[in-house]
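Printed here is final10.cif (mmCIF, C-alpha atoms (C1' of nucleotides)):
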```cif
data_input
#
loop_
_atom_site.label_atom_id
_atom_site.label_comp_id
_atom_site.auth_asym_id
_atom_site.auth_seq_id
_atom_site.Cartn_x
_atom_site.Cartn_y
_atom_site.Cartn_z
CA MET A 1 50.47 47.68 -60.18
CA LYS A 2 50.82 50.49 -57.64
CA ILE A 3 51.26 49.24 -54.09
CA ALA A 4 51.46 51.69 -51.19
CA SER A 5 52.24 51.53 -47.49
CA PHE A 6 50.86 54.10 -45.07
CA ASN A 7 51.02 54.29 -41.27
CA ILE A 8 47.80 56.22 -40.72
CA ASN A 9 48.04 56.59 -36.91
CA GLY A 10 44.39 55.87 -36.13
CA ILE A 11 41.61 55.19 -38.66
CA LYS A 12 39.00 57.17 -36.71
CA ALA A 13 41.10 60.31 -36.83
CA ARG A 14 42.47 59.69 -40.32
CA GLN A 15 39.47 58.55 -42.37
CA ALA A 16 39.12 61.83 -44.26
CA ALA A 17 42.83 62.32 -44.93
CA LEU A 18 43.18 58.69 -46.01
CA CYS A 19 40.25 58.96 -48.42
CA ASP A 20 41.62 62.17 -49.90
CA TRP A 21 44.97 60.51 -50.49
CA LEU A 22 43.40 57.35 -51.99
CA ASP A 23 41.33 59.47 -54.38
CA GLU A 24 44.40 61.36 -55.51
CA ALA A 25 47.08 58.65 -55.50
CA ARG A 26 44.75 55.84 -56.60
CA PRO A 27 46.94 52.91 -55.49
CA ASP A 28 45.81 49.43 -56.49
CA VAL A 29 46.77 48.25 -53.03
CA ALA A 30 47.30 50.09 -49.74
CA LEU A 31 48.97 48.38 -46.80
CA LEU A 32 47.93 50.25 -43.66
CA GLN A 33 49.52 50.31 -40.22
CA GLU A 34 48.37 51.61 -36.85
CA ILE A 35 44.68 51.45 -37.63
CA LYS A 36 44.19 51.48 -33.80
CA SER A 37 40.85 49.77 -34.20
CA VAL A 38 39.24 46.39 -33.77
CA ASP A 39 38.09 44.73 -36.99
CA ALA A 40 34.43 45.55 -36.31
CA GLY A 41 35.27 49.23 -35.79
CA PHE A 42 37.07 49.66 -39.11
CA PRO A 43 34.91 51.72 -41.53
CA ARG A 44 35.25 49.19 -44.35
CA GLU A 45 32.22 50.50 -46.30
CA VAL A 46 34.00 53.79 -46.93
CA PHE A 47 36.71 51.92 -48.82
CA GLU A 48 34.44 49.34 -50.43
CA GLU A 49 32.53 52.27 -51.96
CA ARG A 50 35.82 53.24 -53.60
CA GLY A 51 36.24 49.78 -55.06
CA TYR A 52 38.62 48.32 -52.50
CA ASN A 53 38.47 44.89 -50.94
CA VAL A 54 39.22 45.25 -47.23
CA GLU A 55 41.10 42.84 -44.98
CA THR A 56 41.90 43.88 -41.42
CA HIS A 57 43.88 42.54 -38.49
CA GLY A 58 42.90 44.90 -35.72
CA GLN A 59 43.41 45.37 -32.02
CA LYS A 60 41.74 47.60 -29.46
CA GLY A 61 43.40 50.97 -29.09
CA PHE A 62 46.84 50.23 -30.49
CA ASN A 63 48.65 48.69 -33.44
CA GLY A 64 46.48 47.03 -36.09
CA VAL A 65 47.16 46.51 -39.81
CA ALA A 66 44.98 46.27 -42.90
CA ILE A 67 45.06 45.74 -46.64
CA LEU A 68 42.93 47.66 -49.14
CA SER A 69 43.00 46.23 -52.67
CA ARG A 70 41.15 46.95 -55.89
CA LEU A 71 42.31 43.54 -57.10
CA PRO A 72 41.16 40.28 -55.50
CA LEU A 73 43.07 39.10 -52.45
CA GLU A 74 43.71 35.42 -51.81
CA ASP A 75 45.14 33.35 -48.96
CA VAL A 76 44.94 36.07 -46.31
CA GLN A 77 47.03 35.31 -43.21
CA ARG A 78 47.06 37.29 -39.99
CA GLY A 79 49.88 37.43 -37.47
CA LEU A 80 53.63 36.95 -37.90
CA PRO A 81 54.52 33.26 -37.43
CA GLY A 82 56.84 32.14 -34.68
CA ASP A 83 55.15 33.06 -31.40
CA GLU A 84 51.73 31.70 -30.52
CA ASN A 85 51.58 34.01 -27.47
CA ASP A 86 52.14 37.26 -29.36
CA GLU A 87 48.79 39.06 -29.21
CA GLN A 88 49.88 42.29 -30.89
CA ALA A 89 48.32 42.87 -34.32
CA ARG A 90 51.32 43.81 -36.44
CA TRP A 91 51.28 41.56 -39.51
CA ILE A 92 48.94 40.70 -42.37
CA GLU A 93 49.70 39.06 -45.68
CA ALA A 94 47.79 38.13 -48.81
CA THR A 95 48.31 37.30 -52.46
CA VAL A 96 47.16 39.85 -55.03
CA VAL A 97 46.62 38.67 -58.59
CA GLY A 98 47.60 41.26 -61.15
CA GLY A 99 47.32 41.26 -64.91
CA ARG A 100 50.31 38.97 -65.45
CA VAL A 101 51.67 37.71 -62.16
CA ALA A 102 50.62 37.15 -58.57
CA VAL A 103 52.47 38.98 -55.79
CA ARG A 104 52.61 37.97 -52.14
CA LEU A 105 52.11 41.11 -50.03
CA CYS A 106 53.11 41.36 -46.38
CA GLY A 107 52.07 44.43 -44.40
CA LEU A 108 53.94 44.99 -41.15
CA TYR A 109 54.16 47.30 -38.17
CA LEU A 110 57.47 46.52 -36.50
CA PRO A 111 57.64 47.28 -32.76
CA ASN A 112 59.04 50.68 -31.77
CA GLY A 113 61.26 49.18 -29.06
CA ASN A 114 61.72 52.20 -26.80
CA PRO A 115 62.91 52.51 -24.16
CA ALA A 116 66.08 50.58 -24.92
CA PRO A 117 67.40 48.57 -23.28
CA GLY A 118 64.36 46.94 -21.70
CA PRO A 119 61.53 44.50 -22.36
CA LYS A 120 60.14 46.54 -25.24
CA PHE A 121 63.49 46.48 -27.01
CA ASP A 122 63.75 42.74 -26.37
CA TYR A 123 60.31 42.34 -27.95
CA LYS A 124 61.43 44.36 -30.97
CA LEU A 125 64.51 42.18 -31.53
CA GLY A 126 62.51 38.98 -31.01
CA TRP A 127 59.95 40.20 -33.54
CA MET A 128 62.74 41.00 -36.02
CA ALA A 129 64.11 37.47 -35.61
CA ARG A 130 60.68 36.13 -36.59
CA LEU A 131 60.56 38.60 -39.49
CA ARG A 132 63.90 37.27 -40.69
CA ALA A 133 62.56 33.71 -40.60
CA ARG A 134 59.47 34.73 -42.61
CA ALA A 135 61.71 36.56 -45.10
CA ALA A 136 63.85 33.47 -45.54
CA ASP A 137 60.72 31.40 -46.22
CA LEU A 138 59.50 33.93 -48.81
CA LEU A 139 62.88 33.89 -50.56
CA ARG A 140 62.80 30.10 -50.77
CA GLN A 141 59.57 30.37 -52.79
CA GLU A 142 61.46 32.23 -55.55
CA GLU A 143 58.33 34.20 -56.42
CA PRO A 144 57.42 37.90 -56.45
CA ALA A 145 56.83 38.97 -52.86
CA LEU A 146 57.34 42.06 -50.74
CA MET A 147 57.31 43.08 -47.09
CA ALA A 148 56.25 46.68 -46.58
CA GLY A 149 55.30 48.90 -43.69
CA ASP A 150 56.56 50.83 -40.71
CA TYR A 151 59.84 49.11 -39.82
CA ASN A 152 60.67 51.53 -37.00
CA VAL A 153 64.33 51.31 -38.05
CA ILE A 154 66.43 54.15 -39.49
CA PRO A 155 68.75 52.17 -41.76
CA GLN A 156 71.68 54.63 -41.90
CA ASP A 157 72.62 58.10 -40.65
CA GLU A 158 71.72 59.55 -44.05
CA ASP A 159 68.12 58.52 -43.33
CA ALA A 160 67.75 61.03 -40.48
CA ALA A 161 67.90 64.82 -40.57
CA ARG A 162 69.57 64.81 -37.14
CA PRO A 163 71.24 61.41 -36.73
CA GLU A 164 72.93 62.46 -33.50
CA ALA A 165 69.51 62.85 -31.85
CA TRP A 166 68.74 59.15 -32.49
CA ARG A 167 72.01 57.57 -31.27
CA GLU A 168 70.48 56.00 -28.16
CA ASP A 169 67.05 55.39 -29.68
CA ALA A 170 65.69 51.93 -30.46
CA LEU A 171 65.07 53.07 -34.05
CA ALA A 172 68.77 53.60 -34.70
CA LEU A 173 70.70 51.49 -32.20
CA PRO A 174 73.36 49.31 -33.85
CA GLU A 175 71.48 46.12 -32.98
CA SER A 176 68.33 47.37 -34.74
CA ARG A 177 70.27 48.44 -37.82
CA ARG A 178 72.33 45.28 -37.90
CA THR A 179 69.26 43.06 -37.72
CA LEU A 180 67.52 44.95 -40.54
CA ARG A 181 70.70 44.71 -42.60
CA GLU A 182 70.88 40.97 -41.97
CA ILE A 183 67.31 40.58 -43.24
CA GLU A 184 68.06 42.64 -46.37
CA ASN A 185 71.24 40.69 -46.93
CA LEU A 186 69.28 37.46 -47.22
CA GLY A 187 68.62 38.81 -50.71
CA LEU A 188 65.96 41.50 -50.43
CA THR A 189 65.98 44.87 -52.19
CA ASP A 190 65.11 48.13 -50.43
CA ALA A 191 62.93 49.53 -53.22
CA PHE A 192 63.50 53.17 -52.27
CA ARG A 193 67.28 52.80 -52.26
CA ALA A 194 67.13 50.92 -55.55
CA THR A 195 65.71 54.06 -57.15
CA THR A 196 66.90 57.05 -55.06
CA ARG A 197 70.27 57.73 -53.42
CA GLY A 198 71.46 60.31 -50.95
CA PRO A 199 70.22 62.01 -47.77
CA GLY A 200 67.09 64.05 -47.12
CA HIS A 201 64.36 61.49 -47.85
CA TYR A 202 62.00 60.91 -44.93
CA THR A 203 58.69 59.17 -44.23
CA PHE A 204 58.06 60.34 -40.64
CA TRP A 205 58.12 63.68 -38.87
CA ASP A 206 57.22 63.84 -35.17
CA TYR A 207 54.21 65.91 -34.18
CA GLN A 208 56.37 67.55 -31.50
CA ALA A 209 58.75 70.47 -31.57
CA GLY A 210 57.90 71.60 -35.09
CA ALA A 211 59.61 68.59 -36.66
CA TRP A 212 57.72 68.98 -39.96
CA GLU A 213 58.31 72.71 -40.22
CA ARG A 214 62.02 72.12 -39.58
CA ASN A 215 62.11 69.07 -41.87
CA ASN A 216 63.43 67.07 -38.94
CA GLY A 217 62.41 63.70 -40.35
CA ILE A 218 63.47 60.08 -40.53
CA ARG A 219 63.07 57.31 -43.11
CA ILE A 220 61.50 54.32 -41.33
CA ASP A 221 58.81 53.08 -43.76
CA HIS A 222 60.29 50.61 -46.20
CA PHE A 223 59.54 48.18 -49.03
CA LEU A 224 61.71 45.05 -49.13
CA LEU A 225 61.36 43.02 -52.34
CA THR A 226 62.33 39.47 -53.26
CA PRO A 227 64.51 39.26 -56.41
CA GLN A 228 61.47 38.20 -58.45
CA ALA A 229 59.58 41.31 -57.27
CA ALA A 230 62.62 43.55 -57.70
CA ASP A 231 62.76 42.47 -61.35
CA LEU A 232 59.30 44.04 -61.76
CA LEU A 233 60.14 47.32 -59.95
CA THR A 234 59.78 50.43 -62.11
CA ASP A 235 59.41 53.17 -59.47
CA CYS A 236 59.35 53.90 -55.75
CA ARG A 237 58.28 57.23 -54.26
CA ILE A 238 57.47 58.91 -50.96
CA ASP A 239 54.32 61.08 -50.94
CA ARG A 240 55.92 63.78 -48.83
CA GLN A 241 53.17 66.34 -49.39
CA ALA A 242 50.71 64.27 -47.36
CA ARG A 243 52.42 65.47 -44.16
CA GLY A 244 51.34 69.04 -44.88
CA GLY A 245 47.59 68.35 -45.24
CA ILE A 246 44.73 68.76 -42.79
CA LYS A 247 44.99 66.51 -39.70
CA PRO A 248 47.89 64.53 -41.18
CA SER A 249 49.37 61.32 -39.88
CA ASP A 250 52.91 61.67 -38.58
CA HIS A 251 53.92 59.25 -41.37
CA VAL A 252 53.44 59.72 -45.13
CA PRO A 253 52.71 57.07 -47.78
CA ILE A 254 55.47 55.31 -49.69
CA TRP A 255 54.67 53.31 -52.81
CA VAL A 256 56.15 51.09 -55.49
CA GLU A 257 55.12 50.56 -59.08
CA LEU A 258 55.51 46.96 -60.23
CA ASP A 259 55.24 45.81 -63.84
CA ALA A 260 52.86 43.08 -62.73
"C1'" DA B 261 58.64 74.80 -23.08
"C1'" DT B 262 60.31 67.47 -21.54
"C1'" DG B 263 56.88 71.37 -26.66
"C1'" DT B 264 51.90 66.76 -30.00
"C1'" DC B 265 48.82 63.50 -31.25
"C1'" DG B 266 45.34 59.33 -30.95
"C1'" DT B 267 42.88 56.14 -28.18
"C1'" DA B 268 40.57 54.40 -23.98
"C1'" DA B 269 38.13 55.00 -19.77
"C1'" DC B 270 36.13 54.37 -12.94
"C1'" DG B 271 35.98 60.35 -18.82
"C1'" DT B 272 34.97 67.29 -18.16
"C1'" DT B 273 41.23 64.43 -17.12
"C1'" DT B 274 44.63 61.11 -16.91
"C1'" DA B 275 47.37 57.30 -18.74
"C1'" DC B 276 49.73 55.15 -22.25
"C1'" DG B 277 52.10 54.53 -26.60
"C1'" DA B 278 54.49 56.68 -30.11
#
```

Starting from the file, give its structure as C-alpha coordinates.
Amino acid sequence: MKIASFNINGIKARQAALCDWLDEARPDVALLQEIKSVDAGFPREVFEERGYNVETHGQKGFNGVAILSRLPLEDVQRGLPGDENDEQARWIEATVVGGRVAVRLCGLYLPNGNPAPGPKFDYKLGWMARLRARAADLLRQEEPALMAGDYNVIPQDEDAARPEAWREDALALPESRRTLREIENLGLTDAFRATTRGPGHYTFWDYQAGAWERNNGIRIDHFLLTPQAADLLTDCRIDRQARGGIKPSDHVPIWVELDA
DNA sequence: ATGTCGTAACGTTTACGA
(Lines of atoms letter the chains of each structure in order from A and count residues from 1; the text may use other names and numbers.)
(Lines give C-alpha, C1' and ligand atoms only; values in the text may rest on other atoms or scores of the structure.)
Protein backbone atom coordinates (compact mmCIF):
# COMPACT_ATOMS: atom_id res chain seq x y z
CA MET A 1 0.00 0.00 0.00
CA LYS A 2 1.52 3.28 -1.16
CA ILE A 3 0.62 6.21 1.07
CA ALA A 4 1.76 9.73 0.19
CA SER A 5 1.73 13.13 1.85
CA PHE A 6 1.76 16.32 -0.20
CA ASN A 7 1.42 19.96 0.86
CA ILE A 8 -0.12 21.29 -2.36
CA ASN A 9 -0.29 24.99 -1.38
CA GLY A 10 -3.75 25.70 -2.80
CA ILE A 11 -5.98 23.24 -4.68
CA LYS A 12 -7.22 25.86 -7.15
CA ALA A 13 -3.70 26.64 -8.28
CA ARG A 14 -2.44 23.07 -8.01
CA GLN A 15 -5.19 20.93 -9.54
CA ALA A 16 -3.28 20.23 -12.76
CA ALA A 17 0.07 19.55 -11.10
CA LEU A 18 -1.59 17.33 -8.48
CA CYS A 19 -3.42 15.30 -11.13
CA ASP A 20 -0.23 14.87 -13.15
CA TRP A 21 1.58 13.59 -10.08
CA LEU A 22 -1.29 11.24 -9.09
CA ASP A 23 -1.36 9.77 -12.60
CA GLU A 24 2.37 9.15 -12.51
CA ALA A 25 2.94 8.14 -8.88
CA ARG A 26 -0.38 6.32 -8.48
CA PRO A 27 -0.50 6.30 -4.67
CA ASP A 28 -3.27 4.30 -3.02
CA VAL A 29 -3.71 7.14 -0.56
CA ALA A 30 -2.71 10.81 -0.67
CA LEU A 31 -2.82 12.95 2.45
CA LEU A 32 -3.04 16.58 1.34
CA GLN A 33 -2.25 19.76 3.25
CA GLU A 34 -2.92 23.43 2.56
CA ILE A 35 -5.85 22.84 0.25
CA LYS A 36 -6.80 26.50 1.05
CA SER A 37 -10.41 25.75 0.22
CA VAL A 38 -13.73 25.16 1.91
CA ASP A 39 -15.13 21.64 1.53
CA ALA A 40 -17.68 22.76 -1.07
CA GLY A 41 -14.95 24.39 -3.17
CA PHE A 42 -12.76 21.28 -3.38
CA PRO A 43 -12.93 19.78 -6.91
CA ARG A 44 -13.70 16.28 -5.63
CA GLU A 45 -15.07 15.03 -8.98
CA VAL A 46 -11.64 15.40 -10.57
CA PHE A 47 -10.27 12.85 -8.10
CA GLU A 48 -13.34 10.63 -7.99
CA GLU A 49 -12.94 10.23 -11.77
CA ARG A 50 -9.49 8.81 -11.00
CA GLY A 51 -10.94 6.29 -8.58
CA TYR A 52 -10.28 8.11 -5.33
CA ASN A 53 -12.62 8.49 -2.40
CA VAL A 54 -12.37 12.07 -1.15
CA GLU A 55 -12.60 13.32 2.43
CA THR A 56 -11.89 16.98 3.16
CA HIS A 57 -11.53 19.20 6.19
CA GLY A 58 -11.37 22.64 4.65
CA GLN A 59 -11.24 26.26 5.67
CA LYS A 60 -11.67 29.49 3.74
CA GLY A 61 -8.44 30.83 2.32
CA PHE A 62 -5.91 29.08 4.53
CA ASN A 63 -4.91 25.70 5.90
CA GLY A 64 -7.21 22.77 5.08
CA VAL A 65 -6.40 19.05 4.80
CA ALA A 66 -7.82 16.18 2.79
CA ILE A 67 -7.50 12.46 2.14
CA LEU A 68 -7.72 10.84 -1.29
CA SER A 69 -7.96 7.04 -1.20
CA ARG A 70 -8.53 4.33 -3.78
CA LEU A 71 -9.40 2.03 -0.88
CA PRO A 72 -12.44 2.55 1.33
CA LEU A 73 -12.07 4.95 4.25
CA GLU A 74 -13.78 4.33 7.56
CA ASP A 75 -14.27 6.28 10.79
CA VAL A 76 -13.25 9.68 9.40
CA GLN A 77 -12.49 12.24 12.12
CA ARG A 78 -11.81 15.93 11.59
CA GLY A 79 -9.85 18.20 13.90
CA LEU A 80 -7.05 17.42 16.36
CA PRO A 81 -8.55 16.63 19.79
CA GLY A 82 -7.76 18.74 22.82
CA ASP A 83 -9.07 22.24 22.07
CA GLU A 84 -12.73 22.82 21.30
CA ASN A 85 -11.97 26.45 20.36
CA ASP A 86 -9.36 25.68 17.72
CA GLU A 87 -11.02 26.59 14.42
CA GLN A 88 -8.01 25.98 12.16
CA ALA A 89 -8.41 23.00 9.80
CA ARG A 90 -5.14 21.14 10.28
CA TRP A 91 -6.01 17.52 11.05
CA ILE A 92 -7.96 14.67 9.47
CA GLU A 93 -7.80 10.97 10.19
CA ALA A 94 -9.40 7.81 8.84
CA THR A 95 -8.91 4.07 8.71
CA VAL A 96 -7.97 2.52 5.38
CA VAL A 97 -8.55 -1.19 4.90
CA GLY A 98 -5.88 -2.83 2.81
CA GLY A 99 -5.53 -6.36 1.55
CA ARG A 100 -4.39 -7.78 4.89
CA VAL A 101 -4.53 -5.15 7.60
CA ALA A 102 -6.23 -1.88 8.43
CA VAL A 103 -4.11 1.23 8.98
CA ARG A 104 -5.13 4.35 10.87
CA LEU A 105 -4.03 7.38 8.84
CA CYS A 106 -3.63 10.85 10.30
CA GLY A 107 -2.98 13.78 7.96
CA LEU A 108 -1.65 16.92 9.60
CA TYR A 109 -0.59 20.48 8.86
CA LEU A 110 1.36 21.62 11.90
CA PRO A 111 1.37 25.39 12.52
CA ASN A 112 4.32 27.34 11.09
CA GLY A 113 4.81 29.30 14.33
CA ASN A 114 6.59 32.38 13.00
CA PRO A 115 7.33 34.91 14.24
CA ALA A 116 8.86 33.40 17.36
CA PRO A 117 8.50 34.22 20.12
CA GLY A 118 4.88 35.36 19.99
CA PRO A 119 1.30 34.11 19.93
CA LYS A 120 1.81 32.12 16.74
CA PHE A 121 4.72 30.24 18.27
CA ASP A 122 2.66 29.63 21.41
CA TYR A 123 -0.09 28.20 19.20
CA LYS A 124 2.44 25.93 17.49
CA LEU A 125 3.72 24.53 20.79
CA GLY A 126 0.19 24.10 22.14
CA TRP A 127 -0.77 22.24 18.96
CA MET A 128 2.30 20.00 19.32
CA ALA A 129 1.29 19.18 22.90
CA ARG A 130 -2.08 18.01 21.57
CA LEU A 131 -0.31 16.07 18.81
CA ARG A 132 1.77 14.33 21.45
CA ALA A 133 -1.38 13.34 23.34
CA ARG A 134 -2.95 11.93 20.15
CA ALA A 135 0.27 10.05 19.39
CA ALA A 136 0.26 8.52 22.86
CA ASP A 137 -3.34 7.38 22.33
CA LEU A 138 -2.46 5.82 18.97
CA LEU A 139 0.48 3.97 20.51
CA ARG A 140 -1.75 2.56 23.24
CA GLN A 141 -3.87 0.91 20.52
CA GLU A 142 -0.86 -1.21 19.46
CA GLU A 143 -2.10 -1.23 15.87
CA PRO A 144 -0.67 -0.01 12.54
CA ALA A 145 -1.06 3.76 12.43
CA LEU A 146 0.81 6.73 11.04
CA MET A 147 0.83 10.51 11.31
CA ALA A 148 2.00 12.22 8.13
CA GLY A 149 2.09 15.71 6.74
CA ASP A 150 3.76 19.08 6.92
CA TYR A 151 5.26 19.18 10.42
CA ASN A 152 6.90 22.58 9.92
CA VAL A 153 9.86 21.32 11.96
CA ILE A 154 13.41 20.76 10.67
CA PRO A 155 14.46 17.84 12.89
CA GLN A 156 18.25 18.34 12.75
CA ASP A 157 20.83 20.59 11.08
CA GLU A 158 21.46 17.89 8.47
CA ASP A 159 17.87 18.44 7.30
CA ALA A 160 18.60 21.96 6.03
CA ALA A 161 20.94 23.09 3.25
CA ARG A 162 21.75 26.24 5.25
CA PRO A 163 21.05 25.44 8.91
CA GLU A 164 22.53 28.74 10.07
CA ALA A 165 19.76 30.61 8.22
CA TRP A 166 17.09 28.85 10.34
CA ARG A 167 18.62 29.32 13.82
CA GLU A 168 16.01 31.83 14.98
CA ASP A 169 13.14 30.39 12.95
CA ALA A 170 10.16 28.62 14.51
CA LEU A 171 10.87 25.62 12.24
CA ALA A 172 14.24 24.98 13.87
CA LEU A 173 14.18 26.56 17.33
CA PRO A 174 15.30 24.15 20.07
CA GLU A 175 11.81 24.05 21.58
CA SER A 176 10.28 22.96 18.25
CA ARG A 177 12.92 20.28 17.72
CA ARG A 178 12.75 19.07 21.30
CA THR A 179 8.97 18.70 21.17
CA LEU A 180 9.10 16.74 17.90
CA ARG A 181 11.82 14.55 19.38
CA GLU A 182 9.69 13.92 22.47
CA ILE A 183 6.81 12.80 20.27
CA GLU A 184 9.08 10.46 18.26
CA ASN A 185 10.57 9.13 21.46
CA LEU A 186 7.18 7.92 22.62
CA GLY A 187 7.96 5.10 20.21
CA LEU A 188 7.35 6.36 16.69
CA THR A 189 9.58 5.79 13.68
CA ASP A 190 10.52 8.55 11.22
CA ALA A 191 9.99 6.49 8.07
CA PHE A 192 12.42 8.52 5.96
CA ARG A 193 15.23 8.20 8.49
CA ALA A 194 14.52 4.49 8.86
CA THR A 195 15.45 4.07 5.20
CA THR A 196 17.81 6.95 4.28
CA ARG A 197 20.66 8.53 6.25
CA GLY A 198 22.74 11.63 5.75
CA PRO A 199 22.24 15.25 4.66
CA GLY A 200 20.82 16.69 1.45
CA HIS A 201 17.27 15.33 1.52
CA TYR A 202 14.60 18.03 1.40
CA THR A 203 10.84 18.32 0.93
CA PHE A 204 10.47 22.13 0.71
CA TRP A 205 12.19 24.87 -1.24
CA ASP A 206 11.00 28.46 -0.82
CA TYR A 207 9.65 30.24 -3.88
CA GLN A 208 11.92 33.17 -3.04
CA ALA A 209 15.53 33.91 -3.83
CA GLY A 210 16.04 31.00 -6.20
CA ALA A 211 15.89 28.45 -3.38
CA TRP A 212 15.10 25.57 -5.76
CA GLU A 213 17.78 26.49 -8.28
CA ARG A 214 20.32 26.70 -5.43
CA ASN A 215 18.96 23.54 -3.75
CA ASN A 216 18.42 25.60 -0.63
CA GLY A 217 15.86 23.24 0.87
CA ILE A 218 14.64 21.84 4.17
CA ARG A 219 13.09 18.53 5.25
CA ILE A 220 9.84 19.34 7.07
CA ASP A 221 7.33 16.80 5.69
CA HIS A 222 7.45 13.61 7.72
CA PHE A 223 5.87 10.19 8.26
CA LEU A 224 5.81 8.97 11.87
CA LEU A 225 4.84 5.31 12.25
CA THR A 226 3.69 3.24 15.22
CA PRO A 227 5.79 0.08 15.77
CA GLN A 228 3.05 -2.03 14.15
CA ALA A 229 3.16 0.20 11.05
CA ALA A 230 6.96 0.34 11.06
CA ASP A 231 7.00 -3.46 10.89
CA LEU A 232 5.20 -3.15 7.53
CA LEU A 233 7.50 -0.44 6.10
CA THR A 234 9.34 -1.46 2.94
CA ASP A 235 10.24 1.94 1.43
CA CYS A 236 10.04 5.70 1.93
CA ARG A 237 10.90 8.24 -0.77
CA ILE A 238 10.73 11.94 -1.56
CA ASP A 239 9.46 12.83 -5.06
CA ARG A 240 11.99 15.61 -5.51
CA GLN A 241 11.35 16.05 -9.23
CA ALA A 242 7.88 17.44 -8.56
CA ARG A 243 9.46 20.75 -7.52
CA GLY A 244 10.77 21.29 -11.04
CA GLY A 245 7.43 20.93 -12.87
CA ILE A 246 5.00 23.54 -14.16
CA LYS A 247 3.44 25.72 -11.44
CA PRO A 248 4.84 23.52 -8.65
CA SER A 249 3.97 23.63 -4.99
CA ASP A 250 6.81 24.78 -2.75
CA HIS A 251 6.63 21.30 -1.15
CA VAL A 252 7.09 17.93 -2.88
CA PRO A 253 5.37 14.62 -2.10
CA ILE A 254 6.85 12.09 0.31
CA TRP A 255 5.52 8.55 0.42
CA VAL A 256 5.81 5.22 2.19
CA GLU A 257 5.22 1.70 0.94
CA LEU A 258 3.63 -0.56 3.53
CA ASP A 259 3.29 -4.33 3.18
CA ALA A 260 -0.37 -4.03 4.13
C1' DA B 1 16.67 43.34 -4.68
C1' DT B 2 13.52 42.35 2.25
C1' DG B 3 13.81 38.95 -4.19
C1' DT B 4 7.66 34.59 -4.69
C1' DC B 5 3.49 32.52 -4.45
C1' DG B 6 -1.76 31.66 -3.32
C1' DT B 7 -6.00 33.38 -1.59
C1' DA B 8 -9.49 36.92 -0.45
C1' DA B 9 -11.73 41.22 -1.14
C1' DC B 10 -14.73 47.59 0.11
C1' DG B 11 -10.49 43.96 -6.16
C1' DT B 12 -7.38 46.87 -11.76
C1' DT B 13 -4.18 46.59 -5.58
C1' DT B 14 -3.42 45.54 -1.00
C1' DA B 15 -3.16 42.43 2.96
C1' DC B 16 -1.98 38.30 4.95
C1' DG B 17 0.21 33.85 5.57
C1' DA B 18 3.90 31.09 4.37

Evaluate the PyMOL selection byres ((chain B) within 7 of (chain A)) here and jot the selected residues down as a ChimeraX atom specification.
/B:263-268

Residues at most 9 Å from Asp28 in chain A, counting all atoms listed in the file, excluding those fewer than 4 positions away in the same chain, as an NGL selection string?
:A and (1-4 or 52 or 68-71)

I'd like to see the residues matched by the PyMOL selection byres ((chain A and resi 139) around 10) on this file, and ideally I'd get them as a list in words.
Ala133, Arg134, Ala135, Ala136, Asp137, Leu138, Arg140, Gln141, Glu142, Glu143, Pro144, Ala145, Leu146, Leu186, Gly187, Leu188, Leu225, Thr226, Pro227 and Gln228 of chain A

Residues around (66.4, 52.1, -55.2), cut-off 10 Å, counting all atoms listed in the file - what are they as a PyMOL selection string?
chain A and resi 189-197+230+233-237

For those residues, write C-alpha atoms to a file as a JSON list (two decimals), in the coordinates of the input.
```
[["chain", "number", "residue", "atom", "x", "y", "z"],
["A", 189, "THR", "CA", 65.98, 44.87, -52.19],
["A", 190, "ASP", "CA", 65.11, 48.13, -50.43],
["A", 191, "ALA", "CA", 62.93, 49.53, -53.22],
["A", 192, "PHE", "CA", 63.50, 53.17, -52.27],
["A", 193, "ARG", "CA", 67.28, 52.80, -52.26],
["A", 194, "ALA", "CA", 67.13, 50.92, -55.55],
["A", 195, "THR", "CA", 65.71, 54.06, -57.15],
["A", 196, "THR", "CA", 66.90, 57.05, -55.06],
["A", 197, "ARG", "CA", 70.27, 57.73, -53.42],
["A", 230, "ALA", "CA", 62.62, 43.55, -57.70],
["A", 233, "LEU", "CA", 60.14, 47.32, -59.95],
["A", 234, "THR", "CA", 59.78, 50.43, -62.11],
["A", 235, "ASP", "CA", 59.41, 53.17, -59.47],
["A", 236, "CYS", "CA", 59.35, 53.90, -55.75],
["A", 237, "ARG", "CA", 58.28, 57.23, -54.26]]
```

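Nearest-residue note for Leu32 in chain A: choosing from A:Ile8, A:Leu171, A:Ala161, A:Val76, the minimum distance belongs to A:Ile8, counting all atoms listed in the file.
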
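Interatomic distance, CA of Glu74 in chain A to CA of Val96 in chain A: 6.5 Å.
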
Neighbours of His251 in chain A within 6 Å (only C-alpha atoms (C1' of nucleotides); same-chain residues fewer than 5 positions away dropped), as a VMD selection string?
chain A and resid 7 203 to 204

Between CA of Met147 in chain A and CA of Leu108 in chain A, measure the distance and give it in Å to one decimal.
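Here the two named atoms are 7.1 Å from each other.
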
Atom-to-atom span, CA of Glu257 in chain A and CA of Pro155 in chain A, Å
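Atom-to-atom, CA of Glu257 in chain A to CA of Pro155 in chain A, that is 22.1 Å.
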
Determine the residue set returned by the PyMOL selection byres ((chain A and resi 59) around 10) for the present structure, and present it as an MDAnalysis selection string.
chainID A and resid 34:41 56:58 60:65 87:90
